[in-house]
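**Student:** File follows, entry-v7.txt with compact mmCIF, C-alpha atoms:
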# COMPACT_ATOMS: atom_id res chain seq x y z
CA MET B 1 0.00 0.00 0.00
CA ASP B 2 1.35 3.39 -1.02
CA THR B 3 1.42 5.79 1.94
CA SER B 4 3.26 8.64 0.18
CA PRO B 5 1.46 11.99 0.14
CA ARG B 6 -0.90 12.50 -2.78
CA ARG B 7 0.51 14.94 -5.30
CA ILE B 8 -1.77 17.84 -6.04
CA ARG B 9 -0.71 19.41 -9.30
CA ARG B 10 -2.09 22.83 -9.96
CA ILE B 11 -1.99 24.15 -13.45
CA ASP B 12 0.70 26.80 -13.64
CA THR B 13 -0.62 30.26 -14.29
CA PRO B 14 1.75 31.96 -16.72
CA PRO B 15 3.21 35.39 -15.99
CA PRO B 16 0.82 38.22 -16.81
CA ARG B 17 0.65 39.95 -20.15
CA THR B 18 0.18 43.47 -18.85
CA GLY B 19 -0.09 46.85 -20.52
CA ASN B 20 2.75 48.70 -22.13
CA THR B 21 3.64 51.17 -19.42
CA GLU B 22 6.25 50.58 -16.77
CA ALA B 23 3.63 50.97 -14.04
CA GLU B 24 1.29 48.42 -15.65
CA VAL B 25 4.11 45.89 -15.99
CA LEU B 26 5.34 46.35 -12.41
CA ARG B 27 1.85 46.25 -10.90
CA GLY B 28 0.87 43.29 -13.05
CA PHE B 29 3.83 41.23 -11.91
CA LEU B 30 3.34 42.22 -8.28
CA ASP B 31 -0.34 41.25 -8.33
CA TYR B 32 0.57 37.96 -10.02
CA LEU B 33 3.05 37.14 -7.25
CA ARG B 34 0.64 38.24 -4.54
CA GLU B 35 -2.05 35.91 -5.86
CA SER B 36 0.45 33.05 -6.16
CA MET B 37 1.50 33.56 -2.55
CA ALA B 38 -2.05 33.63 -1.18
CA ALA B 39 -2.93 30.52 -3.21
CA LYS B 40 -0.05 28.60 -1.63
CA VAL B 41 -1.52 29.17 1.85
CA GLU B 42 -5.20 28.69 0.98
CA GLY B 43 -6.29 25.14 1.64
CA ALA B 44 -3.07 24.11 3.38
CA PRO B 45 -3.95 21.75 6.24
CA GLU B 46 -3.57 22.47 9.94
CA PRO B 47 -1.25 22.18 11.76
CA GLN B 48 1.21 21.87 8.86
CA VAL B 49 0.42 25.37 7.56
CA ARG B 50 2.09 26.75 10.71
CA THR B 51 4.62 23.99 11.34
CA ALA B 52 8.25 24.70 10.54
CA ALA B 53 9.53 22.39 7.83
CA VAL B 54 13.08 23.73 7.85
CA PRO B 55 15.58 24.48 10.66
CA SER B 56 15.08 28.25 10.32
CA GLY B 57 11.49 27.88 11.58
CA THR B 58 9.94 29.12 8.33
CA ASN B 59 6.33 28.09 7.78
CA LEU B 60 3.61 29.02 5.29
CA LEU B 61 1.45 31.03 7.65
CA GLY B 62 4.44 32.95 8.96
CA LEU B 63 5.55 33.85 5.43
CA LEU B 64 2.15 35.27 4.57
CA ASN B 65 1.96 37.12 7.89
CA HIS B 66 5.38 38.64 7.14
CA LEU B 67 4.33 39.73 3.65
CA THR B 68 1.23 41.36 5.14
CA CYS B 69 3.51 43.44 7.37
CA VAL B 70 5.84 44.32 4.48
CA GLU B 71 2.86 45.50 2.38
CA ARG B 72 1.63 47.65 5.26
CA ALA B 73 5.06 49.10 6.00
CA THR B 74 5.96 49.80 2.39
CA PHE B 75 2.71 51.20 1.03
CA LEU B 76 0.76 52.29 4.09
CA GLY B 77 3.55 53.58 6.32
CA ALA B 78 3.00 51.10 9.16
CA ARG B 79 5.82 51.08 11.66
CA ILE B 80 7.15 47.59 12.36
CA THR B 81 9.43 47.39 15.38
CA ASP B 82 10.16 43.66 15.43
CA TRP B 83 10.64 42.27 11.93
CA PRO B 84 11.64 38.74 13.06
CA ALA B 85 8.31 38.48 14.92
CA THR B 86 6.41 39.10 11.67
CA PHE B 87 7.42 35.62 10.50
CA HIS B 88 5.07 34.06 13.07
CA ALA B 89 1.29 34.21 12.96
CA SER B 90 -0.58 34.19 16.24
CA PRO B 91 -1.47 30.66 17.41
CA SER B 92 -5.12 31.72 17.44
CA ASP B 93 -5.06 32.86 13.79
CA THR B 94 -6.56 30.53 11.24
CA ALA B 95 -5.08 30.27 7.77
CA ALA B 96 -8.25 31.89 6.39
CA GLU B 97 -7.82 34.88 8.73
CA VAL B 98 -4.18 35.39 7.72
CA VAL B 99 -5.10 35.17 4.02
CA THR B 100 -7.94 37.66 4.55
CA ARG B 101 -5.62 40.13 6.32
CA TYR B 102 -3.09 39.76 3.51
CA ARG B 103 -5.72 40.40 0.83
CA GLU B 104 -7.04 43.42 2.78
CA SER B 105 -3.51 44.83 2.98
CA VAL B 106 -3.02 44.28 -0.75
CA THR B 107 -6.32 46.05 -1.48
CA ALA B 108 -5.30 49.02 0.70
CA ALA B 109 -1.85 49.12 -0.93
CA ASN B 110 -3.41 49.06 -4.40
CA ALA B 111 -5.71 51.93 -3.41
CA VAL B 112 -2.59 53.97 -2.60
CA LEU B 113 -0.96 52.94 -5.88
CA GLU B 114 -4.05 53.98 -7.87
CA ARG B 115 -3.34 57.57 -6.83
CA CYS B 116 0.32 57.39 -7.91
CA VAL B 117 0.89 58.53 -11.48
CA ASP B 118 4.63 59.29 -11.29
CA LEU B 119 6.82 56.28 -10.53
CA GLY B 120 9.67 58.61 -9.55
CA ALA B 121 7.61 60.41 -6.91
CA PRO B 122 7.65 59.36 -3.27
CA LEU B 123 4.80 57.24 -2.00
CA PRO B 124 2.10 59.42 -0.42
CA ARG B 125 2.53 58.31 3.17
CA SER B 126 3.80 60.03 6.23
CA ARG B 127 6.30 58.50 8.53
CA PRO B 128 8.00 61.11 10.69
CA GLY B 129 11.76 61.04 10.45
CA ARG B 130 11.82 58.64 7.52
CA PRO B 131 11.33 59.67 3.91
CA ALA B 132 8.97 57.65 1.75
CA PRO B 133 10.53 55.56 -1.03
CA THR B 134 9.66 56.25 -4.64
CA VAL B 135 6.75 54.36 -6.11
CA ARG B 136 9.15 52.61 -8.52
CA TRP B 137 11.43 51.47 -5.68
CA ALA B 138 8.46 50.26 -3.61
CA LEU B 139 7.06 48.22 -6.51
CA ALA B 140 10.46 46.70 -7.35
CA HIS B 141 11.06 45.90 -3.67
CA MET B 142 7.67 44.24 -3.26
CA ILE B 143 8.17 42.18 -6.43
CA GLU B 144 11.51 40.97 -5.05
CA GLU B 145 10.19 40.34 -1.54
CA THR B 146 7.00 38.61 -2.64
CA GLY B 147 8.76 36.56 -5.32
CA ARG B 148 11.41 35.40 -2.88
CA HIS B 149 8.92 34.29 -0.26
CA SER B 150 6.60 32.80 -2.87
CA GLY B 151 9.47 30.53 -3.87
CA HIS B 152 9.88 29.50 -0.24
CA ALA B 153 6.14 28.87 -0.06
CA ASP B 154 6.26 26.67 -3.18
CA ILE B 155 8.74 24.36 -1.47
CA LEU B 156 6.97 24.36 1.90
CA ARG B 157 3.58 23.59 0.36
CA GLU B 158 5.02 20.72 -1.65
CA LEU B 159 6.58 19.31 1.52
CA ILE B 160 3.20 19.54 3.30
CA ASP B 161 0.90 17.82 0.83
CA GLY B 162 2.68 17.50 -2.50
CA SER B 163 0.83 20.46 -3.99
CA THR B 164 2.77 22.09 -6.81
CA GLY B 165 2.15 24.79 -9.39
CA ARG B 166 0.75 28.29 -9.09
How does the structure come out when it is put into structure tokens?
**Tutor:**
Amino acid sequence: MDTSPRRIRRIDTPPPRTGNTEAEVLRGFLDYLRESMAAKVEGAPEPQVRTAAVPSGTNLLGLLNHLTCVERATFLGARITDWPATFHASPSDTAAEVVTRYRESVTAANAVLERCVDLGAPLPRSRPGRPAPTVRWALAHMIEETGRHSGHADILRELIDGSTGR
């Protein structure tokens, strides 16, 4: 009898074909990565979604919680005082709650970006004593950050239940 985990193969969603402007390309790729990341956490079983599968302690729920904090800090000006703590979701949080918070943060971030027409201008947020990054820098940073952690999530999800693809 085969007791190996059942492989769940998702059909890969190809990278987006976005508009012709730099902003449309950057936002299109960021939204693509955001959706890929949320999809990796949705449907992951408990307690594995929060169980560390590697010595660093990294787990799916913690990755998405961290990205929620990065979205809020980058686009909304939230002040994060303990970045390592962002890699851990509260024990009382369900996966659905963490995904919902992430999607709400993405929606709020996109609302800010809708008002940004000049990629070279600073983001319209106030954070006393710290200048806002340019919209271009923030988009590039979030693509890098989300892509990096989405890759981690791909591996963790496959270790949990064999699910692959985006």
**Student:** Rounded to one decimal in Å, what is the spacing between atom CA of B:Asp118 and atom CA of B:Gly147?
**Tutor:**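 Value for the atom CA of B:Asp118-atom CA of B:Gly147 distance: 23.9 Å.
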**Student:** Which one is closest to B:Glu145: B:Ala85, B:Met37, B:Ala132, B:Leu119? Count all atoms listed in the file.
**Tutor:**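 Comparing B:Ala85, B:Met37, B:Ala132, B:Leu119 against B:Glu145, the winner is B:Met37.
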**Student:** I want to know what sits within 10 Å of B:Thr94, based on only C-alpha atoms, with residues of the same chain fewer than 6 positions away left out; could you give that as a list in words?
**Tutor:** Glu46, Pro47, Val49, Arg50, Leu61 and Thr100 of chain B
**Student:** Using only C-alpha atoms, pick whichever of B:Asp154, B:Glu114, B:Asp161, B:Glu71 has the shortest atom-to-atom distance to B:Tyr102.
**Tutor:**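 Closest residue, counting only C-alpha atoms: B:Glu71.
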**Student:** Env of B:Asn65: 8 Å cut, atoms = only C-alpha atoms, seq-sep filter 5 positions within chain, self excluded. Answer as a list in words.
**Tutor:**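 Near neighbours after the sequence-gap exclusion: Thr86, Phe87, His88, Ala89, Val98 and Tyr102 of chain B.
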**Student:** Could the residues in this selection be written to a file with C-alpha atoms, as a PDB file, in the coordinates of the input?
**Tutor:**
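Listed below is the output, out.pdb:
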ATOM      1  CA  THR B  86       6.410  39.100  11.670  1.00  0.00           C
ATOM      2  CA  PHE B  87       7.420  35.620  10.500  1.00  0.00           C
ATOM      3  CA  HIS B  88       5.070  34.060  13.070  1.00  0.00           C
ATOM      4  CA  ALA B  89       1.290  34.210  12.960  1.00  0.00           C
ATOM      5  CA  VAL B  98      -4.180  35.390   7.720  1.00  0.00           C
ATOM      6  CA  TYR B 102      -3.090  39.760   3.510  1.00  0.00           C
TER       7      TYR B 102
END
**Student:** Quick one: residues within 7 Å of stretch 18-29 of chain B, all atoms listed in the file counted, chain neighbours fewer than 3 positions away excluded, as a PDB file with C-alpha atoms, in the coordinates of the input?
**Tutor:**
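part_14.pdb was written with the following content:
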ATOM      1  CA  TYR B  32       0.570  37.960 -10.020  1.00  0.00           C
ATOM      2  CA  LEU B  33       3.050  37.140  -7.250  1.00  0.00           C
ATOM      3  CA  LEU B 139       7.060  48.220  -6.510  1.00  0.00           C
TER       4      LEU B 139
END
**Student:** Just the number, please: distance in Å from atom CA of B:Ala138 to atom CA of B:Pro84, one decimal.
**Tutor:**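 Pair atom CA of B:Ala138 / atom CA of B:Pro84 returns 20.5 Å.
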**Student:** Which residue gives the smallest distance to B:Ala39 among B:Leu113, B:Ala153, B:Ala108, B:Ala73, with all atoms listed in the file counted?
**Tutor:**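 Between B:Leu113, B:Ala153, B:Ala108, B:Ala73, the residue approaching B:Ala39 most closely is B:Ala153.
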**Student:** Contacts of B:Thr146 at 9 Å or less, counting all atoms listed in the file, minus same-chain residues fewer than 4 places along, as a ChimeraX atom specification?
**Tutor:** /B:30,33-34,37,67,141-142,150-151
**Student:** For atom CA of B:Val99 and atom CA of B:Val135, quote the distance in Å rounded to one decimal.
**Tutor:** 24.7 Å
**Student:** Which residues are near B:Leu60? Cut-off 8 Å, all atoms listed in the file, ignore same chain within fewer than 2 positions. Put them as a ChimeraX atom specification.
**Tutor:** /B:40-41,49-51,58,62-64,153,156-157
**Student:** Looking at B:Pro45, B:Gly77, B:Gly162, B:Pro15, which one is nearest to B:Ala109, with distances taken over all atoms listed in the file?
**Tutor:**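 Of B:Pro45, B:Gly77, B:Gly162, B:Pro15, the one nearest B:Ala109 is B:Gly77, counting all atoms listed in the file.
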**Student:** Which residue out of B:Arg115, B:Ala38, B:Phe75, B:Glu104 has the minimum interatomic distance to B:Trp137 when all atoms listed in the file are used?
**Tutor:** B:Phe75
**Student:** So, with all atoms listed in the file as the atoms that count, which of B:Asp31, B:His152, B:Arg79, B:Ala52 lies closest to B:Gly129?
**Tutor:** B:Arg79
**Student:** With 6 Å of padding per side, what axis-aligned box (centre and edge lengths, Å, one decimal) covers all the listed atoms of stretch 113-121 of chain B? Give it as lines of an AutoDock Vina configuration file.
**Tutor:**
center_x = 2.8
center_y = 56.7
center_z = -8.7
size_x = 25.7
size_y = 19.5
size_z = 17.6
**Student:** Would it be fine to have stretch 7-156 of chain B, with C-alpha atoms, given as a PDB file, in the first residue's frame?
**Tutor:**
ATOM      1  CA  ARG B   7       0.511  14.936  -5.298  1.00  0.00           C
ATOM      2  CA  ILE B   8      -1.774  17.838  -6.040  1.00  0.00           C
ATOM      3  CA  ARG B   9      -0.706  19.412  -9.297  1.00  0.00           C
ATOM      4  CA  ARG B  10      -2.095  22.833  -9.958  1.00  0.00           C
ATOM      5  CA  ILE B  11      -1.993  24.155 -13.454  1.00  0.00           C
ATOM      6  CA  ASP B  12       0.696  26.800 -13.637  1.00  0.00           C
ATOM      7  CA  THR B  13      -0.619  30.257 -14.286  1.00  0.00           C
ATOM      8  CA  PRO B  14       1.751  31.959 -16.717  1.00  0.00           C
ATOM      9  CA  PRO B  15       3.207  35.391 -15.990  1.00  0.00           C
ATOM     10  CA  PRO B  16       0.823  38.217 -16.815  1.00  0.00           C
ATOM     11  CA  ARG B  17       0.646  39.955 -20.150  1.00  0.00           C
ATOM     12  CA  THR B  18       0.181  43.466 -18.849  1.00  0.00           C
ATOM     13  CA  GLY B  19      -0.086  46.850 -20.515  1.00  0.00           C
ATOM     14  CA  ASN B  20       2.750  48.702 -22.132  1.00  0.00           C
ATOM     15  CA  THR B  21       3.636  51.170 -19.418  1.00  0.00           C
ATOM     16  CA  GLU B  22       6.254  50.575 -16.768  1.00  0.00           C
ATOM     17  CA  ALA B  23       3.632  50.975 -14.035  1.00  0.00           C
ATOM     18  CA  GLU B  24       1.287  48.422 -15.652  1.00  0.00           C
ATOM     19  CA  VAL B  25       4.110  45.892 -15.994  1.00  0.00           C
ATOM     20  CA  LEU B  26       5.336  46.346 -12.408  1.00  0.00           C
ATOM     21  CA  ARG B  27       1.854  46.253 -10.903  1.00  0.00           C
ATOM     22  CA  GLY B  28       0.865  43.293 -13.053  1.00  0.00           C
ATOM     23  CA  PHE B  29       3.828  41.226 -11.906  1.00  0.00           C
ATOM     24  CA  LEU B  30       3.340  42.223  -8.278  1.00  0.00           C
ATOM     25  CA  ASP B  31      -0.336  41.255  -8.334  1.00  0.00           C
ATOM     26  CA  TYR B  32       0.570  37.959 -10.023  1.00  0.00           C
ATOM     27  CA  LEU B  33       3.052  37.142  -7.249  1.00  0.00           C
ATOM     28  CA  ARG B  34       0.640  38.244  -4.542  1.00  0.00           C
ATOM     29  CA  GLU B  35      -2.045  35.909  -5.859  1.00  0.00           C
ATOM     30  CA  SER B  36       0.453  33.047  -6.158  1.00  0.00           C
ATOM     31  CA  MET B  37       1.498  33.562  -2.550  1.00  0.00           C
ATOM     32  CA  ALA B  38      -2.049  33.629  -1.183  1.00  0.00           C
ATOM     33  CA  ALA B  39      -2.934  30.518  -3.213  1.00  0.00           C
ATOM     34  CA  LYS B  40      -0.048  28.602  -1.625  1.00  0.00           C
ATOM     35  CA  VAL B  41      -1.517  29.171   1.846  1.00  0.00           C
ATOM     36  CA  GLU B  42      -5.202  28.686   0.983  1.00  0.00           C
ATOM     37  CA  GLY B  43      -6.286  25.144   1.639  1.00  0.00           C
ATOM     38  CA  ALA B  44      -3.071  24.106   3.378  1.00  0.00           C
ATOM     39  CA  PRO B  45      -3.949  21.753   6.237  1.00  0.00           C
ATOM     40  CA  GLU B  46      -3.569  22.472   9.936  1.00  0.00           C
ATOM     41  CA  PRO B  47      -1.249  22.179  11.761  1.00  0.00           C
ATOM     42  CA  GLN B  48       1.211  21.872   8.857  1.00  0.00           C
ATOM     43  CA  VAL B  49       0.417  25.374   7.556  1.00  0.00           C
ATOM     44  CA  ARG B  50       2.090  26.747  10.709  1.00  0.00           C
ATOM     45  CA  THR B  51       4.623  23.989  11.337  1.00  0.00           C
ATOM     46  CA  ALA B  52       8.255  24.697  10.539  1.00  0.00           C
ATOM     47  CA  ALA B  53       9.530  22.386   7.825  1.00  0.00           C
ATOM     48  CA  VAL B  54      13.080  23.731   7.851  1.00  0.00           C
ATOM     49  CA  PRO B  55      15.579  24.479  10.658  1.00  0.00           C
ATOM     50  CA  SER B  56      15.078  28.254  10.325  1.00  0.00           C
ATOM     51  CA  GLY B  57      11.490  27.878  11.576  1.00  0.00           C
ATOM     52  CA  THR B  58       9.942  29.119   8.332  1.00  0.00           C
ATOM     53  CA  ASN B  59       6.326  28.091   7.777  1.00  0.00           C
ATOM     54  CA  LEU B  60       3.611  29.017   5.291  1.00  0.00           C
ATOM     55  CA  LEU B  61       1.448  31.026   7.653  1.00  0.00           C
ATOM     56  CA  GLY B  62       4.439  32.953   8.960  1.00  0.00           C
ATOM     57  CA  LEU B  63       5.554  33.845   5.431  1.00  0.00           C
ATOM     58  CA  LEU B  64       2.152  35.272   4.571  1.00  0.00           C
ATOM     59  CA  ASN B  65       1.962  37.124   7.890  1.00  0.00           C
ATOM     60  CA  HIS B  66       5.385  38.636   7.145  1.00  0.00           C
ATOM     61  CA  LEU B  67       4.333  39.734   3.650  1.00  0.00           C
ATOM     62  CA  THR B  68       1.233  41.365   5.137  1.00  0.00           C
ATOM     63  CA  CYS B  69       3.512  43.440   7.371  1.00  0.00           C
ATOM     64  CA  VAL B  70       5.839  44.325   4.480  1.00  0.00           C
ATOM     65  CA  GLU B  71       2.864  45.502   2.378  1.00  0.00           C
ATOM     66  CA  ARG B  72       1.632  47.650   5.256  1.00  0.00           C
ATOM     67  CA  ALA B  73       5.062  49.098   6.002  1.00  0.00           C
ATOM     68  CA  THR B  74       5.957  49.801   2.385  1.00  0.00           C
ATOM     69  CA  PHE B  75       2.713  51.203   1.026  1.00  0.00           C
ATOM     70  CA  LEU B  76       0.762  52.292   4.091  1.00  0.00           C
ATOM     71  CA  GLY B  77       3.551  53.581   6.320  1.00  0.00           C
ATOM     72  CA  ALA B  78       2.999  51.102   9.158  1.00  0.00           C
ATOM     73  CA  ARG B  79       5.823  51.079  11.658  1.00  0.00           C
ATOM     74  CA  ILE B  80       7.153  47.588  12.359  1.00  0.00           C
ATOM     75  CA  THR B  81       9.428  47.394  15.381  1.00  0.00           C
ATOM     76  CA  ASP B  82      10.164  43.659  15.431  1.00  0.00           C
ATOM     77  CA  TRP B  83      10.637  42.268  11.928  1.00  0.00           C
ATOM     78  CA  PRO B  84      11.635  38.745  13.062  1.00  0.00           C
ATOM     79  CA  ALA B  85       8.312  38.477  14.921  1.00  0.00           C
ATOM     80  CA  THR B  86       6.412  39.103  11.674  1.00  0.00           C
ATOM     81  CA  PHE B  87       7.419  35.619  10.501  1.00  0.00           C
ATOM     82  CA  HIS B  88       5.065  34.065  13.067  1.00  0.00           C
ATOM     83  CA  ALA B  89       1.291  34.206  12.962  1.00  0.00           C
ATOM     84  CA  SER B  90      -0.582  34.185  16.244  1.00  0.00           C
ATOM     85  CA  PRO B  91      -1.467  30.657  17.411  1.00  0.00           C
ATOM     86  CA  SER B  92      -5.121  31.715  17.444  1.00  0.00           C
ATOM     87  CA  ASP B  93      -5.060  32.862  13.792  1.00  0.00           C
ATOM     88  CA  THR B  94      -6.561  30.531  11.239  1.00  0.00           C
ATOM     89  CA  ALA B  95      -5.082  30.273   7.773  1.00  0.00           C
ATOM     90  CA  ALA B  96      -8.250  31.889   6.390  1.00  0.00           C
ATOM     91  CA  GLU B  97      -7.825  34.881   8.731  1.00  0.00           C
ATOM     92  CA  VAL B  98      -4.185  35.388   7.721  1.00  0.00           C
ATOM     93  CA  VAL B  99      -5.097  35.166   4.024  1.00  0.00           C
ATOM     94  CA  THR B 100      -7.940  37.658   4.551  1.00  0.00           C
ATOM     95  CA  ARG B 101      -5.621  40.133   6.319  1.00  0.00           C
ATOM     96  CA  TYR B 102      -3.093  39.760   3.507  1.00  0.00           C
ATOM     97  CA  ARG B 103      -5.723  40.398   0.833  1.00  0.00           C
ATOM     98  CA  GLU B 104      -7.044  43.418   2.777  1.00  0.00           C
ATOM     99  CA  SER B 105      -3.509  44.832   2.979  1.00  0.00           C
ATOM    100  CA  VAL B 106      -3.016  44.282  -0.746  1.00  0.00           C
ATOM    101  CA  THR B 107      -6.321  46.046  -1.476  1.00  0.00           C
ATOM    102  CA  ALA B 108      -5.305  49.016   0.698  1.00  0.00           C
ATOM    103  CA  ALA B 109      -1.852  49.124  -0.928  1.00  0.00           C
ATOM    104  CA  ASN B 110      -3.411  49.058  -4.396  1.00  0.00           C
ATOM    105  CA  ALA B 111      -5.709  51.933  -3.413  1.00  0.00           C
ATOM    106  CA  VAL B 112      -2.592  53.968  -2.602  1.00  0.00           C
ATOM    107  CA  LEU B 113      -0.958  52.944  -5.879  1.00  0.00           C
ATOM    108  CA  GLU B 114      -4.051  53.984  -7.874  1.00  0.00           C
ATOM    109  CA  ARG B 115      -3.340  57.571  -6.834  1.00  0.00           C
ATOM    110  CA  CYS B 116       0.325  57.385  -7.915  1.00  0.00           C
ATOM    111  CA  VAL B 117       0.894  58.534 -11.482  1.00  0.00           C
ATOM    112  CA  ASP B 118       4.632  59.290 -11.289  1.00  0.00           C
ATOM    113  CA  LEU B 119       6.821  56.277 -10.525  1.00  0.00           C
ATOM    114  CA  GLY B 120       9.669  58.607  -9.553  1.00  0.00           C
ATOM    115  CA  ALA B 121       7.613  60.408  -6.914  1.00  0.00           C
ATOM    116  CA  PRO B 122       7.652  59.360  -3.268  1.00  0.00           C
ATOM    117  CA  LEU B 123       4.796  57.240  -1.998  1.00  0.00           C
ATOM    118  CA  PRO B 124       2.096  59.415  -0.419  1.00  0.00           C
ATOM    119  CA  ARG B 125       2.532  58.308   3.167  1.00  0.00           C
ATOM    120  CA  SER B 126       3.797  60.028   6.230  1.00  0.00           C
ATOM    121  CA  ARG B 127       6.302  58.498   8.531  1.00  0.00           C
ATOM    122  CA  PRO B 128       7.995  61.109  10.690  1.00  0.00           C
ATOM    123  CA  GLY B 129      11.757  61.037  10.451  1.00  0.00           C
ATOM    124  CA  ARG B 130      11.817  58.641   7.522  1.00  0.00           C
ATOM    125  CA  PRO B 131      11.333  59.674   3.909  1.00  0.00           C
ATOM    126  CA  ALA B 132       8.971  57.646   1.751  1.00  0.00           C
ATOM    127  CA  PRO B 133      10.531  55.561  -1.031  1.00  0.00           C
ATOM    128  CA  THR B 134       9.657  56.252  -4.641  1.00  0.00           C
ATOM    129  CA  VAL B 135       6.748  54.356  -6.106  1.00  0.00           C
ATOM    130  CA  ARG B 136       9.155  52.611  -8.518  1.00  0.00           C
ATOM    131  CA  TRP B 137      11.428  51.466  -5.685  1.00  0.00           C
ATOM    132  CA  ALA B 138       8.463  50.257  -3.613  1.00  0.00           C
ATOM    133  CA  LEU B 139       7.062  48.224  -6.512  1.00  0.00           C
ATOM    134  CA  ALA B 140      10.458  46.702  -7.346  1.00  0.00           C
ATOM    135  CA  HIS B 141      11.064  45.904  -3.669  1.00  0.00           C
ATOM    136  CA  MET B 142       7.668  44.242  -3.257  1.00  0.00           C
ATOM    137  CA  ILE B 143       8.171  42.177  -6.431  1.00  0.00           C
ATOM    138  CA  GLU B 144      11.514  40.968  -5.054  1.00  0.00           C
ATOM    139  CA  GLU B 145      10.185  40.342  -1.540  1.00  0.00           C
ATOM    140  CA  THR B 146       6.995  38.610  -2.637  1.00  0.00           C
ATOM    141  CA  GLY B 147       8.757  36.561  -5.316  1.00  0.00           C
ATOM    142  CA  ARG B 148      11.414  35.403  -2.877  1.00  0.00           C
ATOM    143  CA  HIS B 149       8.918  34.288  -0.264  1.00  0.00           C
ATOM    144  CA  SER B 150       6.595  32.802  -2.871  1.00  0.00           C
ATOM    145  CA  GLY B 151       9.473  30.528  -3.868  1.00  0.00           C
ATOM    146  CA  HIS B 152       9.880  29.499  -0.240  1.00  0.00           C
ATOM    147  CA  ALA B 153       6.136  28.869  -0.058  1.00  0.00           C
ATOM    148  CA  ASP B 154       6.258  26.665  -3.179  1.00  0.00           C
ATOM    149  CA  ILE B 155       8.736  24.360  -1.473  1.00  0.00           C
ATOM    150  CA  LEU B 156       6.968  24.360   1.898  1.00  0.00           C
TER     151      LEU B 156
END
